[in-house]
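Report on one structure; see the data block that follows.
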Amino acid sequence: MSKTIDIIKKFSDRYLNSKIIFTIDVILSAISSALVLLLAFFVVRSDVINREFSITYLISSVLASVLMFYITKTYRIIIRHLSVRDIGVFFVAGLGKVLLTALVMVRYRELTTLWITLTVDFLFTTFLLVGTRMVMIFAYQFFIHKIQESKEQQRVLVYGTSDKAIAAVVRLQNSPHFRVMGFLVESKNKLSSIIERLPVESFNSKEDIQRIIKKYRLDGILFATERDAQNEKDRLIQFCMDNSMKCLIIPTTEEITDPQFIIKPREVKVEDLLGREEIKISLKRIKEDFEGKVVMVTGAAGSIGSELCRQIAGFGVKSLILFDNAETPMHNLRLELEDTFHDLEFYPMIGDVRQMERLDYVFRRFHPQIVFHAAAYKHVPLMEENPCEAVLVNVIGSRNVALKCIEYNVEKMVMISTDKAVNPTNIMGCTKRLAEIFVQSLGLAVESGEVKGKTRFVTTRFGNVLGSNGSVIPRFREQIEKGGPVTVTHPDIVRFFMTIPEACRLVMEAATMSTGNQIFIFDMGEPVKIDTLARNMISLAGLIPDKDIKIEYTGLRPGEKLYEEVLANSENTLPAFHERIRIAKVRSYDYKEAYDVVAALEVLSRKVDIENMVILMKKTVPEYKSKNSRFEIYDKN
């Protein structure tokens, strides 16, 4: 038996060759016709079922079978995934076979005998085709079950009975890693349902969950979607974390890059629990807007820039220009795009937005029609220590890109900004606000005819992006893997979060729908306490906060706020084309004034005249008030 199991295991993930299946089906059909003729020979007169009749019938039925199986593609139906709909295809194939055979055999006078023979042949053929497959399925499942019993598998219940939950169970039937014991649903009434031959267990309290876990000797709970996990973060997931059980989730389509991927649930991450209802956007309209165009992304190798490139690559653009000064991340992105988008025409260009000549070369060579400007320095403490570089990249770099868009008649430039530009308390936030001021004033000057050009400028403000390079979640994860401690700046610090795909969908929607010169912001939902985030990450790792992993409070860093600004409310925004997107109410600046300020900041930053540079920044953006920073002394000026 063990040798048989090893053989089945070796071939269990493979499908039978379609040519072999086709040959088997034809043989089964011929056997059916031969059996019918043999039966008819003993039931009716021998002068009717004679040699000529039999040979003609057999040849015509085999040829009819070959034709019908080819037309209906029965040989392409995967046997182990046979469905009721597929059985209908075999009925059609069998019916077509006997009807075609009837066209040949109708010249025989005994029509009653012929039609009885054809009817029985149809039933025999269909029975053999479907029955053989059913036997193969039962044999396959029997040996797979034996394989699974010989392995150490994690026993799980699937949360919910939605279509996605049931589909997850079907896909996990042959998993070597997991054994699904049934479904788990919330209900006050005890259920006795069975789905996919598995029981449905109901719970309404912690005692119910404990009883079910003990009954099935569970290792974890499996969620089919992020939304299911989010709904249970304060109950089921918290219970699992408290009891060292695994919380698992089915990977999203974005996480599956291998077309031959065999589903393997991953553990629930804290990012899965911080999301919100997915933003619905008009993909059709976006594709129509981008299709056939040359699109350029600055900062293409960064967290937001690379995700923008992945999404843009699927919209049928003529070509995609990747612009970034980070060599290794650019190389990695290039390999990814080559592997994933075989027909995409793209050009990785190493360059810096601070270098006008390099920008000019790229614009002159490719003439982009849409530009996404994501290149920026973003880390608050680091920019507080290096303010001149923050100005050169975030302000001067944005100016350079915007001016090149005007010069080369770019249709639209979309700039990525940040929530830290709202009432900034640090250098990074103020530089992003200054970039917004310049770009918006330039757009208004184009509208009024003060500056010649056709470019429309759009700005989008993001909150903190989950999982971006250098952000808090990867940092905590790294600290947990090292055994701690996990460092939190303050026990009461809170932040708003969004996922990278959410951020990029916002950009896409804004780029498509905007009429220009607007700053779009996203309804970020509820803020997240960073201390709670750290504790949840420790618990999800199967450890106990303050016992297995210590949490240390290090104090607020330079320029850091305890509470972020609420971006999207009726006081500081206007409604837009989407219920989760709003337009910021901001002061308009004169373009000449903004141009002169940026030019002066460039001179001061290149001279590394930090004092006068910061004073000018605070004068231009009067709401910029430094916090926990050496630049607080300039707030009095």
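A note on labels: chains of the structure tokens are A, B, ... as shown, every chain counts residues from 1, and ligands are counted from 1 in their shown order.
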Query - Selection: 7 Å around Thr126 in chain A, only C-alpha atoms, excl. self and same-chain fewer than 3 positions, as a PyMOL selection string - result: chain A and resi 90-91+94+122-123+129-130
Near Lys592 in chain A, counting only C-alpha atoms, which residues have an atom at most 12 Å away, once you skip same-chain residues fewer than 5 positions from it, shown as a CSV table (one decimal) with N, CA, C and O atoms, in the first residue's frame?
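This is the output file part_17.csv:
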```csv
chain,number,residue,atom,x,y,z
A,437,ILE,N,1.9,73.6,-3.1
A,437,ILE,CA,1.7,75.1,-3.4
A,437,ILE,C,2.2,75.4,-4.8
A,437,ILE,O,1.5,76.0,-5.6
A,438,PHE,N,3.4,75.0,-5.1
A,438,PHE,CA,4.0,75.3,-6.4
A,438,PHE,C,3.2,74.6,-7.5
A,438,PHE,O,2.9,75.3,-8.5
A,439,VAL,N,2.9,73.3,-7.4
A,439,VAL,CA,2.2,72.6,-8.5
A,439,VAL,C,0.8,73.2,-8.7
A,439,VAL,O,0.4,73.4,-9.8
A,441,SER,N,-0.3,76.2,-7.9
A,441,SER,CA,-0.2,77.6,-8.5
A,441,SER,C,0.2,77.6,-9.9
A,441,SER,O,-0.3,78.4,-10.7
A,442,LEU,N,1.0,76.6,-10.3
A,442,LEU,CA,1.4,76.5,-11.7
A,442,LEU,C,0.2,76.1,-12.6
A,442,LEU,O,-0.1,76.6,-13.7
A,444,LEU,N,-3.0,76.7,-11.9
A,444,LEU,CA,-3.9,77.8,-12.0
A,444,LEU,C,-3.4,78.8,-13.0
A,444,LEU,O,-4.2,79.5,-13.7
A,445,ALA,N,-2.0,79.0,-13.1
A,445,ALA,CA,-1.5,79.9,-14.0
A,445,ALA,C,-1.7,79.5,-15.4
A,445,ALA,O,-1.9,80.3,-16.4
A,450,GLU,N,-1.6,82.7,-17.9
A,450,GLU,CA,-0.4,83.4,-17.4
A,450,GLU,C,0.8,82.6,-17.9
A,450,GLU,O,1.9,83.1,-18.2
A,451,VAL,N,0.7,81.2,-17.9
A,451,VAL,CA,1.8,80.3,-18.3
A,451,VAL,C,1.2,79.5,-19.5
A,451,VAL,O,0.1,79.0,-19.4
A,597,VAL,N,9.6,81.9,-4.3
A,597,VAL,CA,9.9,81.3,-3.0
A,597,VAL,C,10.7,80.0,-3.3
A,597,VAL,O,11.7,79.7,-2.6
A,598,VAL,N,10.3,79.2,-4.2
A,598,VAL,CA,11.0,77.9,-4.5
A,598,VAL,C,12.4,78.2,-5.0
A,598,VAL,O,13.3,77.5,-4.6
A,599,ALA,N,12.6,79.2,-5.8
A,599,ALA,CA,13.9,79.6,-6.3
A,599,ALA,C,14.8,80.0,-5.2
A,599,ALA,O,16.0,79.6,-5.1
```
Requested in this report: Identify, on the basis of only C-alpha atoms, every residue whose closest approach to Gly305 in chain A does not exceed 10 Å; exclude the query and any residue fewer than 2 positions from it along the same chain; express the result as an MDAnalysis selection string.
Outcome: chainID A and resid 297:303 307:310 322:324 372:375 416 500 504
With N, CA, C and O atoms kept, could you save the residues just selected as a compact mmCIF listing (two decimals), in the first residue's frame?
```txt
# COMPACT_ATOMS: atom_id res chain seq x y z
N VAL A 297 6.50 57.20 -14.42
CA VAL A 297 6.38 57.19 -12.97
C VAL A 297 7.74 57.56 -12.38
O VAL A 297 8.73 56.85 -12.60
N THR A 298 7.81 58.67 -11.64
CA THR A 298 9.03 58.98 -10.89
C THR A 298 8.94 58.30 -9.53
O THR A 298 7.87 58.08 -9.00
N GLY A 299 10.10 57.96 -8.98
CA GLY A 299 10.09 57.17 -7.74
C GLY A 299 9.50 55.80 -7.98
O GLY A 299 8.86 55.22 -7.11
N ALA A 300 9.75 55.27 -9.18
CA ALA A 300 9.07 54.04 -9.62
C ALA A 300 9.46 52.83 -8.79
O ALA A 300 8.70 51.86 -8.73
N ALA A 301 10.62 52.85 -8.16
CA ALA A 301 11.07 51.67 -7.42
C ALA A 301 10.64 51.69 -5.96
O ALA A 301 10.90 50.74 -5.23
N GLY A 302 9.96 52.75 -5.53
CA GLY A 302 9.50 52.83 -4.15
C GLY A 302 8.24 52.05 -3.91
O GLY A 302 7.70 51.40 -4.82
N SER A 303 7.72 52.11 -2.69
CA SER A 303 6.53 51.32 -2.33
C SER A 303 5.32 51.71 -3.16
O SER A 303 4.65 50.87 -3.76
N GLU A 307 3.94 49.88 -6.97
CA GLU A 307 2.57 49.41 -7.06
C GLU A 307 1.82 50.12 -8.18
O GLU A 307 1.03 49.52 -8.90
N LEU A 308 2.09 51.42 -8.35
CA LEU A 308 1.51 52.15 -9.49
C LEU A 308 1.93 51.50 -10.80
O LEU A 308 1.10 51.31 -11.70
N CYS A 309 3.19 51.14 -10.89
CA CYS A 309 3.69 50.51 -12.13
C CYS A 309 2.97 49.19 -12.38
O CYS A 309 2.60 48.89 -13.53
N ARG A 310 2.77 48.39 -11.34
CA ARG A 310 2.09 47.11 -11.51
C ARG A 310 0.66 47.32 -12.02
O ARG A 310 0.18 46.57 -12.88
N LEU A 322 9.99 54.06 -16.22
CA LEU A 322 10.30 53.96 -14.79
C LEU A 322 11.49 54.86 -14.50
O LEU A 322 12.56 54.70 -15.10
N PHE A 323 11.32 55.82 -13.59
CA PHE A 323 12.38 56.78 -13.28
C PHE A 323 12.67 56.75 -11.79
O PHE A 323 11.79 57.01 -10.97
N ASP A 324 13.92 56.41 -11.42
CA ASP A 324 14.28 56.33 -10.00
C ASP A 324 15.80 56.33 -9.91
O ASP A 324 16.49 55.94 -10.86
N PHE A 372 3.17 60.33 -13.24
CA PHE A 372 2.89 60.15 -11.82
C PHE A 372 4.18 60.48 -11.06
O PHE A 372 5.20 59.81 -11.26
N HIS A 373 4.11 61.50 -10.22
CA HIS A 373 5.30 61.95 -9.50
C HIS A 373 5.26 61.42 -8.07
O HIS A 373 4.59 61.99 -7.20
N ALA A 374 5.98 60.32 -7.84
CA ALA A 374 6.01 59.69 -6.52
C ALA A 374 7.37 59.80 -5.85
O ALA A 374 7.53 59.35 -4.72
N ALA A 375 8.35 60.38 -6.53
CA ALA A 375 9.69 60.49 -5.97
C ALA A 375 9.70 61.49 -4.82
O ALA A 375 9.27 62.64 -4.99
N ILE A 416 2.09 62.77 -5.75
CA ILE A 416 1.78 62.06 -4.52
C ILE A 416 2.22 62.93 -3.35
O ILE A 416 3.41 63.26 -3.22
N ILE A 500 -1.26 49.84 0.43
CA ILE A 500 -0.63 50.34 -0.80
C ILE A 500 -1.59 50.25 -1.98
O ILE A 500 -1.71 51.21 -2.75
N CYS A 504 -2.94 53.45 -4.30
CA CYS A 504 -2.79 53.52 -5.76
C CYS A 504 -4.13 53.60 -6.46
O CYS A 504 -4.24 54.23 -7.52
```
Self-check item: Which of range 589-636 of chain A DSSP labels helix (DSSP H, G or I), written as a ChimeraX atom specification
Solution: /A:591-606,610-620,630-636
d(CA of Ser32 in chain A, CA of Phe69 in chain A) in Å: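 Computing the Euclidean distance for CA of Ser32 in chain A and CA of Phe69 in chain A yields 14.9 Å.
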